[in-house]
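To keep things clear, I will list the structure first and then write my remarks on it.
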Number of protein chains: 4
Amino acid sequence: MAGSTFGKTITVTTWGESHGKALGVVLDGFPAGMELSEEDIQPFMDRRKPGQSKFTTARAEGDKVKILSGVFEGKTTGTPISLMVENTDQHSADYGNIATAFRPGHADYGYFEKYGFRDYRGGGRSSGRETIGRVAAGAICSKLLNELGITVCAYTKSIGDVKIYDFDLSERDNNSLAMPDPTAAKKAEEYLEACMLNNDSAGGIIECLITGVPAGVGDPVFEKLDAKLAEALVSVGAVKGVEIGDGFAVAKTMGSINNDSFRMEDGRVVKATNHSGGILGGISDGDDIIVRCAIKPTPSISQLQHTVNEKGQEIDIEIHGRHDPVIVPRAVVVVESMCAITILDALLSHMTDRLDFIKEFYKN
Amino acid sequence: MAGSTFGKTITVTTWGESHGKALGVVLDGFPAGMELSEEDIQPFMDRRKPGQSKFTTARAEGDKVKILSGVFEGKTTGTPISLMVENTDQHSADYGNIATAFRPGHADYGYFEKYGFRDYRGGGRSSGRETIGRVAAGAICSKLLNELGITVCAYTKSIGDVKIYDFDLSERDNNSLAMPDPTAAKKAEEYLEACMLNNDSAGGIIECLITGVPAGVGDPVFEKLDAKLAEALVSVGAVKGVEIGDGFAVAKTMGSINNDSFRMEDGRVVKATNHSGGILGGISDGDDIIVRCAIKPTPSISQLQHTVNEKGQEIDIEIHGRHDPVIVPRAVVVVESMCAITILDALLSHMTDRLDFIKEFYKN
Amino acid sequence: MAGSTFGKTITVTTWGESHGKALGVVLDGFPAGMELSEEDIQPFMDRRKPGQSKFTTARAEGDKVKILSGVFEGKTTGTPISLMVENTDQHSADYGNIATAFRPGHADYGYFEKYGFRDYRGGGRSSGRETIGRVAAGAICSKLLNELGITVCAYTKSIGDVKIYDFDLSERDNNSLAMPDPTAAKKAEEYLEACMLNNDSAGGIIECLITGVPAGVGDPVFEKLDAKLAEALVSVGAVKGVEIGDGFAVAKTMGSINNDSFRMEDGRVVKATNHSGGILGGISDGDDIIVRCAIKPTPSISQLQHTVNEKGQEIDIEIHGRHDPVIVPRAVVVVESMCAITILDALLSHMTDRLDFIKEFYKN
Amino acid sequence: MAGSTFGKTITVTTWGESHGKALGVVLDGFPAGMELSEEDIQPFMDRRKPGQSKFTTARAEGDKVKILSGVFEGKTTGTPISLMVENTDQHSADYGNIATAFRPGHADYGYFEKYGFRDYRGGGRSSGRETIGRVAAGAICSKLLNELGITVCAYTKSIGDVKIYDFDLSERDNNSLAMPDPTAAKKAEEYLEACMLNNDSAGGIIECLITGVPAGVGDPVFEKLDAKLAEALVSVGAVKGVEIGDGFAVAKTMGSINNDSFRMEDGRVVKATNHSGGILGGISDGDDIIVRCAIKPTPSISQLQHTVNEKGQEIDIEIHGRHDPVIVPRAVVVVESMCAITILDALLSHMTDRLDFIKEFYKN
C-alpha cells in the first residue's frame with residue numbers, strides 16, 4: 001500500500017533509493033506566491049550532506065538540489081514543486097554476502113518478508129538518503145513559516161551520555177555535532193572517538209524548538225498537533241521514542257506541578273511555565289512548542305556480527321564501507337524539516353475552522 | 001478541518017461530547033464475515049467505565065454499547081459498523097466560573113482560540129469520554145486479531161515513581177490499577193492515596209505488548225508501523241511521550257549492544273534479543289512488538305489554581321466535581337484499543353504488497 | 001476497504017442499512033459558529049422521505065433526524081456533527097426466494113461476490129435509504145453556503161421522454177415530481193401512470209444549478225471541481241451518467257462556438273455564454289455551475305424476471321412490496337445534497353491556496 | 001490544497017508544467033515483483049506524443065520516459081516508482097498579449113483568481129502535457145492488469161458528428177484518429193480537414209472497454225467503482241461528461257428493458273445483456289465494463305476571439321502556435337490510463353474485504 005506521502009493540506013511525497021539514479025520529493029498544495037529558488041533549499045541539503053566531518057560517512061555526494069516544477073518567475077505557483085537530487089557517488093561494486101544477509105538492526109529482514117526481495121545496495125529505500133526529499137520540502141516549509149514569524153530549530157540535545165548543559169543556540173553551527181553548547185560538543189567528540197576506536201556506534205537525542213505558533217492550531221482528536229509531530233518524527237529512521245514538553249517525566253510528577261497556570265502579559269494570555277511543551281489537548285497553547293526524539297546508534301558497525309541470510313543460514317558478517325558512527329548530527333535537519341512540514345500543514349488546516357474566518361474570506 | 005478519523009484500510013471515526021446525548025464511532029472497512037455481538041464489545045467498555053474504584057471518577061455511567069449497523073445475522077457485513085453509547089449521568093447543573101475559565105493543563109484555551117467558543121460541559125469533545133468510540137472499535141479489531149493468533153495486551157507499567165517489578169500478566173485484572181504485579185499495585189495504591197489527601201493527581205506509564213505479528217508488516221517511509229503507533233498513542237489525551245522497544249535508552253547505548261542479532265529457530269528467523277521492540281525500519285521483524293507511553297497527571301485537581309478567563313481577566317479557580325486522581329488505569333484499555341486498530345490496519349494493508357500475493361488471490 | 005467517507009476538508013461518513021436499527025452520518029470538519037438545529041435539516045429529510053405521492057414507495061417512515069453531537073447552545077462547535085434517523089417501518093416478514101436471488105439491476109450479485117454474503121432485507125446497505133445521511137449532511141452544508149450567498153438547487157429535468165420546457169424554478173415544489181414546469185410535470189405524471197399499469201418503472205434526468213460560487217475554486221488536476229462533482233453524483237445509486245455544462249453535446253460542436261468569450265460587466269469579469277457550465281480546467285469561472293445526471297429506471301419491478309440464486313440455480317422471481325416506479329423525484333434532494341457537500345469542501349480548500357491569503361489570516 | 005494525487009491503495013502523483021524543465025509522476029504502493037523497464041512504458045508515451053499526424057500539434061517532443069526509482073534488477077521493488085520526461089522543445093519566445101489575456105475556453109481566468117498569478121507558458125500546469133505522468137503510470141498499471149487477465153482498451157467513438165459504425169478493435173491503431181472503424185476514420189478525417197480550413201476545432205467521444213474484471217470489485221457507497229471511474233475521467237482536461245453502460249439513454253428506457261437478467265453459463269453467473277456496463281450498485285458484476293466520455297473541441301483556435309486581460313480590459317486575441325485541431329486521438333491513451341489506474345486500485349482494495357480472505361492470507 002502507498003505509504004510515501006505525508007500531510008493533508010500540503011503533502012510531501014518522497015521517492016528514491018540510496019543507489020538509484022536520483023532521489024526526490026513532490027511538495028503539493030504549497031501556497032502560491034512565495035519567492036523560491038534553489039539557493040533557499042541548498043543550505044538545508046548541505047546540513048544533512050555526508051562527508052562533513054570525521055563523524056559522518058565519507059560518501060562524497062554534492063547533493064545539489066534541482067527545482068523541476070512549481071516555480072515560475074521566481075515564485076511558487078501553487079502547483080506541485082518537484083525537487084530532485086542526483087546520486088553521483090554510488091559504489092555499487094561488490095556487496096559480497098551483505099547482499100543476501102539480514103544486517104542486525106537494519107530493515108533488511110522486514111523488507112525481504114514484506115516485498116519478497118530487496119534492493120540491497122546501500123539499504124535501498126531504507127537508507128538515510130530517503131530523507132533528502134524530506135529536507136528539501138522542509139526547507140521550503142521553513143521559509144514560509146519564517147515569513148509568518150515562526151521559527152523551527154532543532155539541535156543535538158545529547159550524544160551517548162553527554163548532554164548539553166549551557167544552552168546557547170548560536171553555538172549550534174559552530175561544531176560538527178550540531179550541539180548548542182561548545183563544552184558538551186567537545187566532550188561528545190571525545191565520546192565518539194572512543195566509540196570509533198571500538199568499531200562501535202552511538203545514539204543521542206535531538207530536540208526541536210518551535211516559536212511563534214499562535215494558540216488554536218492542531219486538531220482535538222486523532223490529528224492532535226503532538227500526534228502528528230510524533231508520527232512525523234518516528235517516521236524518521238532510527239527514532240525509537242518521542243516526547244512533547246516534559247515527556248516521560250510527567251509520569252512521576254503531580255498535577256499541581258505539571259499544570260501550567262495561565263497569566264495575562266501585555267494583553268495576551270501566556271503561561272507561567274511550559275511543562276506542556278506548547279500543546280494541550282492536541283492544540284497549540286501559544287507557548288513555545290518543544291519536542292524531542294531518541295536516535296538509536298547506527299546499526300552498521302564493522303565489528304563481526306552474527307546473523308541469518310535469505311536462505312535461512314546462520315552466518316557472520318562484517319559491514320565495511322562508509323557509515324556514520326553517529327547519525328544524530330545529520331538527523332538534526334531532518335527532524336527540523338519534519339517539524340516544519342507538520343506545523344505548516346496544521347497552520348493551513350486551521351484556516352477553515354470557523355464560520356467567521358470563512359465569511360471574512362469570502363466577504364465580497 | 002476534519003480530524004476525527006483514524007486509519008486507512010479500516011477507518012475509525014469518533015463523535016460525541018462528554019455531556020451531549022451520546023458518543024459513538026463508525027468503524028468502516030472492517031472485513032465481512034466475523035461473528036460479532038454487543039457482548040464482544042461490552043467487556044472493553046467496562047474496562048474504561050468510570051466508578052470502578054476509589055481511584056476513578058464516581059460518575060455513574062453504564063456505558064452500554066449498541067450496534068446500530070454493519071452486523072447481520074450475527075456477522076459483520078463489510079459495511080460500516082456504527083456503535084453508540086448514550087450519556088445518562090450528565091450533571092450539567094452549574095459550572096460557575098469554570099464555564100468561562102481556562103483550566104490549567106486542559107485544552108480549554110486552545111479550543112477557545114481555535115473555534116471561537118467551546119462546549120464547557122465536562123470538557124466537551126476534549127473529555128476522556130471521547131475515547132469510548134476508540135475502545136468500542138478497538139474491541140472489534142482485537143477480536144479479529146485474536147482470530148489470526150495475534151494478541152494485544154496493555155497494562156500499567158508505573159504510577160508516579162512506583163514501577164512494576166515482577167511481571168505477571170495474569171495479575172493485571174486482579175487490582176484496580178491494571179498492574180501486572182500485585183506488590184507494585186499495592187504500593188501504587190498507597191502512593192495514590194497520599195496524592196488524593198493532598199488534592200493532587202498522579203501520572204504513569206502504560207506499556208503494550210503485541211504478540212504474533214509476522215515479519216513484513218508496516219510501511220518503510222512515512223507510514224512506518226512505529227510511526228503509526230506513535231501517532232495513535234499520542235492522539236490519546238494526556239499522553240506526552242511514546243517509546244518503541246528500548247525507547248529513549250537507545251540514546252545512551254552502543255550499536256554493538258543495541259543491534260539484535262538474527263538466529264534460526266525451528267526453521268524460523270528469530271532475534272536473540274529484542275531491543276528493537278519488534279520493529280526495524282518501520283517494518284515488523286516478527287518479534288513481540290513493545291510500545292510504551294507516558295500519561296500526565298490528571299489536570300483537574302481541587303486545589304486553588306490561578307488562571308485566566310475568556311475576558312482576559314486573571315482569576316483563581318477550584319475545580320470540584322468527579323475526577324480521576326489518576327487516569328492511567330482507565331487509559332490502559334484505550335492504549336490497547338489504539339494499538340489493535342493500528343496493527344489491524346497495517347496487517348490488511350500488507351496484503352497488497354506483492355505481485356505473487358495478488359496473483360494468488362486472483363488466480364481464477 | 002473503507003469507502004463510506006466523502007470529502008477532504010470536511011468529511012461525510014454515512015452508515016446504516018435499510019432494515020437495521022437506524023441510519024446516520026458523521027459530518028466532520030464542519031466550521032464552528034453556525035446556528036443549527038434539527039429544524040434546519042428536517043425539510044431536506046422530508047423531501048426524500050417515502051410515501052409522499054403515488055409515485056413513491058408507501059413505506060411509512062417519519063425519517064425524523066436527531067442531532068447527537070457537535071452542536072452546543074444552538075451553534076456548531078467545530079467537532080463532528082453526528083446525525084441519526086431511526087428505522088421504524090421495517091417489514092422484515094418474509095423475503096421468500098428474494099433472500100437468496102440476485103435481483104436483476106440490483107447490487108445483490110456484486111455484494112455476494114464481494115462480501116461472501118449479504119443483508120438481503122430491503123437491499124441492506126445498497127438501499128436508497130443510505131442516502132439519508134447524505135441528505136442530512138447536505139442540508140447543513142447548504143445552510144452554510146446560503147450564508148455565503150451561494151445557492152444549490154436541483155430539479156427534475158426529464159422523466160422518460162418528457163422534458164421540462166418552460167423553466168420556472170418557483171414551480172418545482174408545486175408538483176410531486178420536482179419539475180420546474182407544471183405542464184411537463186402533468187405529462188410526466190401521465191407517462192408514469194402508464195408505466196405503473198405495466199408494472200414497469202421509469203428513469204430521468206436531474207439537473208443542479210449552483211449560483212454564487214466565485215472564480216478560483218477547485219483544483220487543477222485530479223481534484224478538479226467537476227471531477228469531484230462527477231464522483232459525488234455517480235456515487236449516488238442509479239446514476240449512470242453525468243454532464244457538466246453542455247456535456248455530451250460538446251462532442252459535436254466546434255471550438256468557435258463552445259468557447260465562452262469573456263466580458264467586463266460592472267467591473268467584474270463575466271462570460272457571454274456558459275457552455276462551460278461554470279467550470280474551466282477544473283476551476284470555477286465565476287458563472288453558474290450546471291451539472292446533470294441520468295437516473296436509471298427503478299430495478300425493482302413486479303413483472304416476472306429471470307435470474308440466478310446464490311446456489312447457482314436459474315429461477316424466476318417477482319419482486320413485490322413497496323417500490324418507487326421512478327426514483328427521480330426523491331433523488332433530487334440527494335443530488336442537491338451531494339453538490340452542496342462538494343462545493344463547500346472545495347470552497348474551504350481554496351482558503352489556503354495563496355501566501356497572501358495566509359499572511360492576511362495570520363497577520364497578528 | 002494538495003490535489004495532484006489520485007488513488008488510495010496505489011497513488012499516482014503528477015507534477016510538471018508545459019514549459020518547465022520536465023514532467024513526471026510518482027507511482028506509490030505499486031506491488032513488488034513485476035518485471036518493468038522503460039520499454040514497457042514508452043509505447044504508451046508514444047501514443048499521446050505530439051506531432052504524429054496533421055491532426056496533432058507539431059511540437060516536436062520525444063517524450064522519452066526515464067525510470068528514476070522503484071525498480072531493481074528489472075523488477076518493481078514495492079517502493080515509489082518515479083518517472084520523468086524532460087521537456088526539450090519549449091518555444092518560450094514571445095507570448096505577446098496571450099501572457100496576460102484570459103483565453104476563452106481555457107483555465108487561465110480560474111488560475112489567476114485561484115493563485116493570484118499564473119505560468120502562462122503553454123498553459124503551465126493546465127496544459128495537456130500534465131497527462132504525461134498519468135500515461136506513464138497507466139502503462140505500468142495496465143501491465144499488471146494484463147498479468148491478471150484484465151485488458152483495458154480505449155478508442156475514439158466519435159469525432160464531431162462522425163461515429164464509428166462497424167466496430168473492429170484491430171483497426172484502432174491503423175489510423176491517426178484511434179478509431180476502430182476505418183470507414184468512420186476516413187470520414188472523420190474529412191470532417192477535421194474542413195474544421196481546420198475554418199481555423200476551428202472539433203470534439204468527440206472516447207469509449208473504454210475493460211474485460212476480465214471479476215464480480216465483487218468496487219465499494220458500495222462513495223467509492224463505487226463507477227464513481228471513481230467518473231472522477232478519473234472528468235479529471236482529464238476537456239472532458240465534460242461521462243457515462244457508464246447505457247449512460248444517459250437509461251433516462252428514457254424502462255426497468256423491464258434496462259434490467260439485465262442473470263443466467264448460468266459454464267457454471268458461472270453471467271448476464272443476458274449488459275445495459276449496466278458491468279457495474280451495479282458500484283460493484284463490478286463480472287461483465288465487460290464500459291465507460292465513455294465527451295471531449296470538448298480544443299479551445300485554442302486561431303480565429304479572432306474577444307476576451308478580457310488581467311487588468312480587466314476587453315481585448316481581441318488570436319492564438320497562434322502549435323495546437324491540436326482535435327484532442328480526442330491523443331486523449332485515448334489518457335482515458336485508457338486513468339481507467340487502468342482506477343481498476344487496479346479497486347482490485348487491490350478488494351483483497352481485504354472478507355475475513356476468509358484474510359485468514360487464508362495469514363494462515364501460517
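So you can find residues: chains in the C-alpha cells are A, B, ... in the order shown, residues in each start at 1, and ligands are numbered from 1 in order.
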
Inset, instruction - Would you kindly report the residues of chain D within 6 Å of chain A, using only C-alpha atoms, as a PyMOL selection string? - result: chain D and resi 1-2+9-10+15-16+21+28-29+32+68-69+80+115

For Lys296 (chain D), list every protein, DNA or RNA residue within 9 Å, evaluated using only C-alpha atoms, and leave out those in the same chain fewer than 5 positions away; present the list as a PDB file with all heavy atoms, in the first residue's frame.
```pdb
ATOM      1  N   GLY C 247     -22.098  19.312 -21.617  1.00  0.00           N
ATOM      2  CA  GLY C 247     -21.983  17.861 -21.506  1.00  0.00           C
ATOM      3  C   GLY C 247     -21.659  17.184 -22.818  1.00  0.00           C
ATOM      4  O   GLY C 247     -20.762  17.619 -23.556  1.00  0.00           O
ATOM      5  N   PHE C 248     -22.380  16.109 -23.127  1.00  0.00           N
ATOM      6  CA  PHE C 248     -22.070  15.315 -24.308  1.00  0.00           C
ATOM      7  C   PHE C 248     -22.241  16.083 -25.619  1.00  0.00           C
ATOM      8  O   PHE C 248     -21.681  15.698 -26.643  1.00  0.00           O
ATOM      9  CB  PHE C 248     -22.875  14.018 -24.315  1.00  0.00           C
ATOM     10  CG  PHE C 248     -22.175  12.928 -23.556  1.00  0.00           C
ATOM     11  CD1 PHE C 248     -22.303  12.837 -22.178  1.00  0.00           C
ATOM     12  CD2 PHE C 248     -21.336  12.038 -24.206  1.00  0.00           C
ATOM     13  CE1 PHE C 248     -21.625  11.861 -21.459  1.00  0.00           C
ATOM     14  CE2 PHE C 248     -20.651  11.051 -23.498  1.00  0.00           C
ATOM     15  CZ  PHE C 248     -20.795  10.965 -22.117  1.00  0.00           C
ATOM     16  N   ALA C 249     -23.003  17.170 -25.553  1.00  0.00           N
ATOM     17  CA  ALA C 249     -23.176  17.963 -26.774  1.00  0.00           C
ATOM     18  C   ALA C 249     -21.861  18.570 -27.256  1.00  0.00           C
ATOM     19  O   ALA C 249     -21.720  18.894 -28.449  1.00  0.00           O
ATOM     20  CB  ALA C 249     -24.213  19.068 -26.534  1.00  0.00           C
ATOM     21  N   VAL C 250     -20.878  18.718 -26.371  1.00  0.00           N
ATOM     22  CA  VAL C 250     -19.603  19.300 -26.811  1.00  0.00           C
ATOM     23  C   VAL C 250     -18.917  18.442 -27.859  1.00  0.00           C
ATOM     24  O   VAL C 250     -18.104  18.938 -28.647  1.00  0.00           O
ATOM     25  CB  VAL C 250     -18.598  19.527 -25.652  1.00  0.00           C
ATOM     26  CG1 VAL C 250     -19.145  20.493 -24.618  1.00  0.00           C
ATOM     27  CG2 VAL C 250     -18.152  18.215 -25.002  1.00  0.00           C
ATOM     28  N   ALA C 251     -19.248  17.160 -27.871  1.00  0.00           N
ATOM     29  CA  ALA C 251     -18.577  16.255 -28.804  1.00  0.00           C
ATOM     30  C   ALA C 251     -18.859  16.628 -30.260  1.00  0.00           C
ATOM     31  O   ALA C 251     -18.068  16.339 -31.151  1.00  0.00           O
ATOM     32  CB  ALA C 251     -19.004  14.811 -28.531  1.00  0.00           C
ATOM     33  N   LYS C 252     -19.991  17.282 -30.493  1.00  0.00           N
ATOM     34  CA  LYS C 252     -20.407  17.585 -31.863  1.00  0.00           C
ATOM     35  C   LYS C 252     -20.238  19.047 -32.247  1.00  0.00           C
ATOM     36  O   LYS C 252     -20.535  19.432 -33.385  1.00  0.00           O
ATOM     37  CB  LYS C 252     -21.871  17.195 -32.047  1.00  0.00           C
ATOM     38  CG  LYS C 252     -22.127  15.702 -31.914  1.00  0.00           C
ATOM     39  CD  LYS C 252     -23.534  15.368 -32.381  1.00  0.00           C
ATOM     40  CE  LYS C 252     -23.835  13.888 -32.165  1.00  0.00           C
ATOM     41  NZ  LYS C 252     -25.227  13.557 -32.488  1.00  0.00           N
ATOM     42  N   THR C 253     -19.848  19.870 -31.311  1.00  0.00           N
ATOM     43  CA  THR C 253     -19.780  21.296 -31.606  1.00  0.00           C
ATOM     44  C   THR C 253     -18.365  21.690 -32.050  1.00  0.00           C
ATOM     45  O   THR C 253     -17.506  20.835 -32.280  1.00  0.00           O
ATOM     46  CB  THR C 253     -20.250  22.116 -30.392  1.00  0.00           C
ATOM     47  OG1 THR C 253     -20.408  23.474 -30.791  1.00  0.00           O
ATOM     48  CG2 THR C 253     -19.250  22.033 -29.256  1.00  0.00           C
ATOM     49  N   MET C 254     -18.135  22.984 -32.216  1.00  0.00           N
ATOM     50  CA  MET C 254     -16.816  23.480 -32.652  1.00  0.00           C
ATOM     51  C   MET C 254     -16.261  24.412 -31.581  1.00  0.00           C
ATOM     52  O   MET C 254     -17.031  25.040 -30.841  1.00  0.00           O
ATOM     53  CB  MET C 254     -16.989  24.290 -33.939  1.00  0.00           C
ATOM     54  CG  MET C 254     -17.758  23.560 -35.006  1.00  0.00           C
ATOM     55  SD  MET C 254     -16.703  23.188 -36.419  1.00  0.00           S
ATOM     56  CE  MET C 254     -17.710  21.966 -37.255  1.00  0.00           C
ATOM     57  N   GLY C 255     -14.967  24.534 -31.557  1.00  0.00           N
ATOM     58  CA  GLY C 255     -14.324  25.417 -30.596  1.00  0.00           C
ATOM     59  C   GLY C 255     -14.838  26.841 -30.668  1.00  0.00           C
ATOM     60  O   GLY C 255     -15.048  27.495 -29.647  1.00  0.00           O
ATOM     61  N   ASN C 258     -18.122  26.693 -28.844  1.00  0.00           N
ATOM     62  CA  ASN C 258     -18.079  26.203 -27.461  1.00  0.00           C
ATOM     63  C   ASN C 258     -17.307  27.125 -26.524  1.00  0.00           C
ATOM     64  O   ASN C 258     -17.579  27.179 -25.322  1.00  0.00           O
ATOM     65  CB  ASN C 258     -17.449  24.806 -27.434  1.00  0.00           C
ATOM     66  CG  ASN C 258     -17.580  24.127 -26.073  1.00  0.00           C
ATOM     67  OD1 ASN C 258     -18.687  23.930 -25.586  1.00  0.00           O
ATOM     68  ND2 ASN C 258     -16.448  23.832 -25.460  1.00  0.00           N
TER      69      ASN C 258
ATOM     70  N   ALA D 202     -12.546  20.595 -33.194  1.00  0.00           N
ATOM     71  CA  ALA D 202     -13.635  19.642 -33.017  1.00  0.00           C
ATOM     72  C   ALA D 202     -13.472  18.853 -31.717  1.00  0.00           C
ATOM     73  O   ALA D 202     -12.382  18.769 -31.154  1.00  0.00           O
ATOM     74  CB  ALA D 202     -13.657  18.668 -34.190  1.00  0.00           C
ATOM     75  N   GLY D 203     -14.598  18.273 -31.270  1.00  0.00           N
ATOM     76  CA  GLY D 203     -14.594  17.389 -30.094  1.00  0.00           C
ATOM     77  C   GLY D 203     -14.912  15.970 -30.485  1.00  0.00           C
ATOM     78  O   GLY D 203     -14.840  15.607 -31.661  1.00  0.00           O
ATOM     79  N   GLY D 204     -15.271  15.169 -29.515  1.00  0.00           N
ATOM     80  CA  GLY D 204     -15.602  13.785 -29.808  1.00  0.00           C
ATOM     81  C   GLY D 204     -15.855  12.983 -28.547  1.00  0.00           C
ATOM     82  O   GLY D 204     -15.913  13.533 -27.439  1.00  0.00           O
ATOM     83  N   ILE D 205     -16.022  11.696 -28.762  1.00  0.00           N
ATOM     84  CA  ILE D 205     -16.315  10.794 -27.645  1.00  0.00           C
ATOM     85  C   ILE D 205     -15.298   9.663 -27.627  1.00  0.00           C
ATOM     86  O   ILE D 205     -14.957   9.106 -28.677  1.00  0.00           O
ATOM     87  CB  ILE D 205     -17.749  10.235 -27.764  1.00  0.00           C
ATOM     88  CG1 ILE D 205     -18.756  11.390 -27.555  1.00  0.00           C
ATOM     89  CG2 ILE D 205     -17.992   9.112 -26.755  1.00  0.00           C
ATOM     90  CD1 ILE D 205     -20.205  11.007 -27.768  1.00  0.00           C
ATOM     91  N   ALA D 238     -10.735  18.836 -20.544  1.00  0.00           N
ATOM     92  CA  ALA D 238     -11.571  18.795 -21.736  1.00  0.00           C
ATOM     93  C   ALA D 238     -12.717  17.808 -21.668  1.00  0.00           C
ATOM     94  O   ALA D 238     -13.585  17.813 -22.529  1.00  0.00           O
ATOM     95  CB  ALA D 238     -10.751  18.538 -23.002  1.00  0.00           C
ATOM     96  N   VAL D 239     -12.748  16.946 -20.635  1.00  0.00           N
ATOM     97  CA  VAL D 239     -13.879  16.027 -20.508  1.00  0.00           C
ATOM     98  C   VAL D 239     -15.057  16.771 -19.865  1.00  0.00           C
ATOM     99  O   VAL D 239     -14.917  17.377 -18.814  1.00  0.00           O
ATOM    100  CB  VAL D 239     -13.507  14.790 -19.658  1.00  0.00           C
ATOM    101  CG1 VAL D 239     -14.750  13.955 -19.351  1.00  0.00           C
ATOM    102  CG2 VAL D 239     -12.469  13.944 -20.388  1.00  0.00           C
ATOM    103  N   LYS D 240     -16.215  16.726 -20.507  1.00  0.00           N
ATOM    104  CA  LYS D 240     -17.405  17.427 -19.990  1.00  0.00           C
ATOM    105  C   LYS D 240     -18.558  16.487 -19.664  1.00  0.00           C
ATOM    106  O   LYS D 240     -19.652  16.943 -19.306  1.00  0.00           O
ATOM    107  CB  LYS D 240     -17.874  18.487 -21.001  1.00  0.00           C
ATOM    108  CG  LYS D 240     -16.857  19.554 -21.342  1.00  0.00           C
ATOM    109  CD  LYS D 240     -16.397  20.381 -20.148  1.00  0.00           C
ATOM    110  CE  LYS D 240     -17.390  21.429 -19.705  1.00  0.00           C
ATOM    111  NZ  LYS D 240     -16.828  22.300 -18.625  1.00  0.00           N
ATOM    112  N   VAL D 326      -8.030  18.747 -32.860  1.00  0.00           N
ATOM    113  CA  VAL D 326      -8.898  17.854 -32.082  1.00  0.00           C
ATOM    114  C   VAL D 326      -7.986  17.120 -31.093  1.00  0.00           C
ATOM    115  O   VAL D 326      -6.902  16.666 -31.451  1.00  0.00           O
ATOM    116  CB  VAL D 326      -9.652  16.861 -32.999  1.00  0.00           C
ATOM    117  CG1 VAL D 326      -8.704  15.866 -33.661  1.00  0.00           C
ATOM    118  CG2 VAL D 326     -10.734  16.111 -32.228  1.00  0.00           C
ATOM    119  N   ILE D 327      -8.418  17.030 -29.864  1.00  0.00           N
ATOM    120  CA  ILE D 327      -7.570  16.425 -28.843  1.00  0.00           C
ATOM    121  C   ILE D 327      -7.894  14.945 -28.674  1.00  0.00           C
ATOM    122  O   ILE D 327      -7.136  14.185 -28.052  1.00  0.00           O
ATOM    123  CB  ILE D 327      -7.744  17.186 -27.510  1.00  0.00           C
ATOM    124  CG1 ILE D 327      -6.578  16.919 -26.558  1.00  0.00           C
ATOM    125  CG2 ILE D 327      -9.062  16.850 -26.833  1.00  0.00           C
ATOM    126  CD1 ILE D 327      -5.301  17.555 -27.005  1.00  0.00           C
ATOM    127  N   VAL D 328      -9.014  14.517 -29.244  1.00  0.00           N
ATOM    128  CA  VAL D 328      -9.520  13.170 -28.991  1.00  0.00           C
ATOM    129  C   VAL D 328      -8.495  12.054 -29.223  1.00  0.00           C
ATOM    130  O   VAL D 328      -8.262  11.233 -28.336  1.00  0.00           O
ATOM    131  CB  VAL D 328     -10.824  12.924 -29.786  1.00  0.00           C
ATOM    132  CG1 VAL D 328     -11.284  11.482 -29.669  1.00  0.00           C
ATOM    133  CG2 VAL D 328     -11.918  13.879 -29.314  1.00  0.00           C
TER     134      VAL D 328
END
```

Quick one: residues within 6 Å of His350 (chain D), only C-alpha atoms counted, chain neighbours fewer than 3 positions away excluded, as a PDB file with all heavy atoms, in the first residue's frame?
```pdb
ATOM      1  N   VAL D 217     -15.786  -6.287  -7.257  1.00  0.00           N
ATOM      2  CA  VAL D 217     -14.777  -5.239  -7.119  1.00  0.00           C
ATOM      3  C   VAL D 217     -15.453  -3.864  -7.109  1.00  0.00           C
ATOM      4  O   VAL D 217     -16.338  -3.596  -7.917  1.00  0.00           O
ATOM      5  CB  VAL D 217     -13.752  -5.328  -8.266  1.00  0.00           C
ATOM      6  CG1 VAL D 217     -12.750  -4.182  -8.213  1.00  0.00           C
ATOM      7  CG2 VAL D 217     -13.029  -6.677  -8.218  1.00  0.00           C
ATOM      8  N   LEU D 347      -9.139  -3.231  -7.515  1.00  0.00           N
ATOM      9  CA  LEU D 347      -8.823  -4.663  -7.398  1.00  0.00           C
ATOM     10  C   LEU D 347      -8.008  -4.934  -6.144  1.00  0.00           C
ATOM     11  O   LEU D 347      -8.243  -5.905  -5.419  1.00  0.00           O
ATOM     12  CB  LEU D 347      -7.999  -5.129  -8.600  1.00  0.00           C
ATOM     13  CG  LEU D 347      -8.736  -5.573  -9.851  1.00  0.00           C
ATOM     14  CD1 LEU D 347      -7.732  -5.721 -10.978  1.00  0.00           C
ATOM     15  CD2 LEU D 347      -9.493  -6.887  -9.655  1.00  0.00           C
ATOM     16  N   ASP D 353     -11.497  -7.414   1.842  1.00  0.00           N
ATOM     17  CA  ASP D 353     -12.920  -7.261   2.145  1.00  0.00           C
ATOM     18  C   ASP D 353     -13.516  -8.339   3.037  1.00  0.00           C
ATOM     19  O   ASP D 353     -14.596  -8.140   3.583  1.00  0.00           O
ATOM     20  CB  ASP D 353     -13.730  -7.216   0.829  1.00  0.00           C
ATOM     21  CG  ASP D 353     -13.723  -5.845   0.179  1.00  0.00           C
ATOM     22  OD1 ASP D 353     -13.530  -4.857   0.896  1.00  0.00           O
ATOM     23  OD2 ASP D 353     -13.909  -5.764  -1.048  1.00  0.00           O
TER      24      ASP D 353
END
```

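Between CA of Thr211 (chain B) and CA of Thr151 (chain B) the separation is 5.3 Å.
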
Inset, instruction - With a distance cut-off of 7 Å and only C-alpha atoms, select the neighbouring residues of Leu304 (chain A), excluding the residue or stretch itself and same-chain residues fewer than 5 positions from it, and output the selection as a list of chain:residue names. - result: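 Here the qualifying residues turn out to be A:Asp316, A:Ile317, A:Glu318.
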
Legend entry - Atomic distance CA of Phe6 (chain B) - CA of Ile358 (chain B), expressed in Å with one decimal: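 Those two atoms sit 26.1 Å apart.
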
Legend entry - Contact residues around Leu233 (chain D) with only C-alpha atoms at 8 Å, ignoring same-chain residues under 4 positions, as a list in words: Ala227 of chain C; Leu229, Val239, Val242, Cys293, Val335, Met338 and Cys339 of chain D

Legend entry - Straight-line distance linking CA of Glu265 (chain A) with CA of Glu243 (chain A), stated in Å to one decimal: 28.0 Å

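Look at Ser201 (chain C): the protein and nucleic acid residues within 10 Å of it, using only C-alpha atoms and passing over chain neighbours fewer than 5 places away, are Gly160, Leu192, Glu193, Ala194, Cys195, Met196, Lys296, Pro297, Thr298, Pro299, Ser300, Ile301, Ser302, His323, Asp324, Pro325, Val326 and Ile327 of chain C; Thr253, Met254, Gly255, Ser256, Ile257 and Asn258 of chain D.
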
Legend entry - Residues within 8 Å of Leu280 (chain B), only C-alpha atoms, excluding chain neighbours under 2 positions, as an MDAnalysis selection string: (chainID A and resid 105:107 110) or (chainID B and resid 276 278 282:285)
